[in-house]
Every structure is written in C-alpha cells, then in structure tokens.
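*Asks:* Pasting a structure below so you can have a look.
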Amino acid sequence: MTQTTSRVLEPSDLDAALAVLDREPVANAFVTSRVQVAGLDPWRLGGEMWGWYEDGMLTSLCYAGANLVPICATPRAVRAFADRARRAGRRCSSIVGPAEPTAQLWRLLEPHWGPAREVRAHQPLMVTDRMPADIAPDPYVRRVRKDEMETIMPACVAMFTEEVGVSPLAGDGGLLYQARVAELVGAGRSFARVDDRGRVVFKAEIGAATSQACQIQGVWVAPEYRGRGLAAPGMAAVLRYALADVAPVVSLYVNDFNTAARRTYRRVGFQEVGAFMSVLF
C-alpha cells in the first residue's frame, strides 16, 4: 500500500519543490517565479508551501498565501490540501490554478468557506513562442519608467477594479498593490502606450517570469480608446519584449466570457493549451 503524507515544506525542500514545479513550467510560472526569488521561507515567500508525498517522494504542492494554488495536484493530494486549508481557516483572497484540481479543491472547501464572491470556472490558458506574422508591434508601446508611477497607477487601478470587481485600494489604502506595481516597473516588466496628454491608453505587464516561461497580465485599453485596434499591436509589442528579454514561451489566461480579448490574443498567435479556474472571495 502506498504510504502518503502532507506537510509544510521547509527551505531544505527547495530542490524537490522546484522539480515538481518544473513538470509544468507554463502553468506553474506564477508560483515558480516566486519560489525562485524567495525560496520556501514563509516570510519571504508570502505564504506556506504544502507538500504531498507518496512513498517518500514529493509529488504535489499547494501554495497557501494571498492565493491558494494547487500545483501538479492529484485527487488524493487535493483532498489532503483541502483538509489542511479547512483546519487553518481561510486566509486567501482567491483560489486559482489549473481548472480540474482547483474545481475539486473548491468543491471540498465551499461548504466551509462559501459562498464565493465570484467563481470563474473556465479561464483558457493560452501560449505562444513566436511573433505574429501579420501584426506589426505598436511602436509607441514602451517600458514604463521608474519616474512614471503617477502615470501608470490610475490605469492599473482601473484595470484591476474592472477585472476583479473590487478596488485594489481597499483595505490597506493600496500600499501592497502599489508596491507590486512599483516592483514590476522597477524590473522593466511594465509596458504602456501614453498619449500626448500623458494618459495611458494601453498597458500590460509581464507578471510572472522564469527562465522557461513568462505570463502577461493586466492587459487594458482605456475605455475611450476601445474599438480602435490598439490591443493587438499593443500585445504584439509586449510579446516582442517578452520573447527577446524574458523567456522563450509566453502565456496568459483569460476569462472565457471575454470574447473580444480571446479573439485579440488568437490574432497575435496565442493558442489555448488548457484552462485555469479562479474562485474570488
């Protein structure tokens, strides 16, 4: 009979955890990027990493921080992670990850943590490893400079509020969110087109980045500029930066009901390879 156990991982478990994360480098880019920078120390990582072992071998993970994220999680591992999460109480603002294990995790936690504010059961995961042949990158999309925080922040807040349904300024006045935006700007992973009045008309960030894959997030066009064909050339410009400077594979995930965005991403060459799911509290 298979011997199984779950426990909170320690810094000494780093190599074993990275080996699990490396099994699905695109889907796991968000967590992998955090672990590569912070290791497994909960203070630096911003949460615990739970491990599931079968016959002494680490086979599944679950990141438990601001998000609860199942990673390469088998059904038995998901049950163990749900038990641990239920005992600890809800500390996360969302559950997010590959659709199948995330759906199972939510089924087990919903009686204790529900209802959710919103459940997005099918968010296509899309990838590309090349530039589109027929869409020229927007030459006006560029890296946001460190002295442009006041320019980019209103657009970031508008995008987040529109996407998530709550303002990122709630709670702590936006300190954590502003720090995250500043981190991406400082790393050269925030991109925008700014009009002649100094307003952002298109923006996107490369949120997670590893040597194998990176993830574009926060794609936004100012409402008064929508329908003018800015999104596809803007995405092509960000994709060019991503492929040249960050990683050989670029991914994103998108709400299935956002047909305009899915159409734009397909035009730029992204193809659906799987699905994520998000449970928002």
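Chain identifiers are assigned as A, B, and so on, following the order in which chains appear in the structure tokens; residues are numbered from 1 within each chain, and ligands are numbered from 1 in order of appearance.
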As a list in words, please: the residues near Val69 of chain A (cut-off 7 Å, only C-alpha atoms, same-chain neighbours under 5 positions excluded).

*Replies:*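 Skipping anything fewer than 5 positions along the chain leaves Cys62, Tyr63, Ala64, Ile95, Val96 and Gly97 of chain A.
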
*Asks:* Running DSSP on the backbone, which parts of segment 113-276 of chain A land in alpha helix (DSSP H), as number ranges by chain?

*Replies:* A: 113, 149-164, 175-186, 231-245, 259-267

*Asks:* Considering only C-alpha atoms, can you say which of A:Val279, A:Ala133, A:Ala261, A:Val144 comes closest to Ala182 of chain A?

*Replies:*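 Checking each of A:Val279, A:Ala133, A:Ala261, A:Val144 against Ala182 of chain A, counting only C-alpha atoms, the winner is A:Val144.
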
*Asks:* Skip segment 24-35 of chain A itself and residues of its chain fewer than 5 positions away, then list as a PyMOL selection string all residues within 8 Å of it, counting only C-alpha atoms.

*Replies:* chain A and resi 18+40+45+63+71-72+97-98+125+207-210+212-215+249+251

*Asks:* Give me, as a compact mmCIF listing (two decimals) with N, CA and C atoms, in the first residue's frame, all polymer residues having an atom no more than 7 Å from segment 86-89 of chain A, counting only C-alpha atoms and skipping those fewer than 3 positions away in the same chain.

*Replies:*
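As written to disk, selection00.txt reads:
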```
# COMPACT_ATOMS: atom_id res chain seq x y z
N ALA A 82 -7.13 20.28 0.99
CA ALA A 82 -8.42 20.84 1.43
C ALA A 82 -8.58 20.67 2.94
N ASP A 83 -8.18 19.51 3.47
CA ASP A 83 -8.26 19.28 4.92
C ASP A 83 -7.40 20.29 5.67
N LEU A 109 -14.00 22.73 -0.22
CA LEU A 109 -13.92 23.86 0.70
C LEU A 109 -15.18 24.72 0.73
```

*Asks:* List the spatial neighbours of segment 111-122 of chain A as an MDAnalysis selection string - criterion: any atom at most 12 Å away, only C-alpha atoms, same-chain residues fewer than 5 positions off excluded.

*Replies:* chainID A and resid 82:83 85:106 163:166 253:258 272 274:281

*Asks:* So which one's closest to Glu224 of chain A, A:Phe202, A:Ser6, A:Leu14, A:Tyr140? Using only C-alpha atoms, please.

*Replies:* A:Phe202

*Asks:* Which is closer to Ser12 of chain A than all the others in A:Pro223, A:Gly39, A:Gly51, A:Pro132, using only C-alpha atoms?

*Replies:*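 Answer, going by the shortest atom-to-atom distance: A:Gly39.
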
*Asks:* Kindly indicate which residue among A:Arg263, A:Arg143, A:Arg130, A:Arg76 lies nearest to Leu108 of chain A, using only C-alpha atoms for the distances.

*Replies:* A:Arg76

*Asks:* Which is closest to Gln36 of chain A among A:Gly186, A:Gly229, A:Pro11, A:Pro70, if we use only C-alpha atoms?

*Replies:*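 Nearest candidate to Gln36 of chain A out of A:Gly186, A:Gly229, A:Pro11, A:Pro70: A:Pro11.
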
*Asks:* Pick from A:Val201, A:Val246, A:Val273, A:Ile206: nearest to Arg226 of chain A, with only C-alpha atoms counted?

*Replies:* A:Val201

*Asks:* Residues at most 9 Å from Gln178 of chain A, counting only C-alpha atoms, excluding those fewer than 6 positions away in the same chain, as a count of residues only?

*Replies:* 4
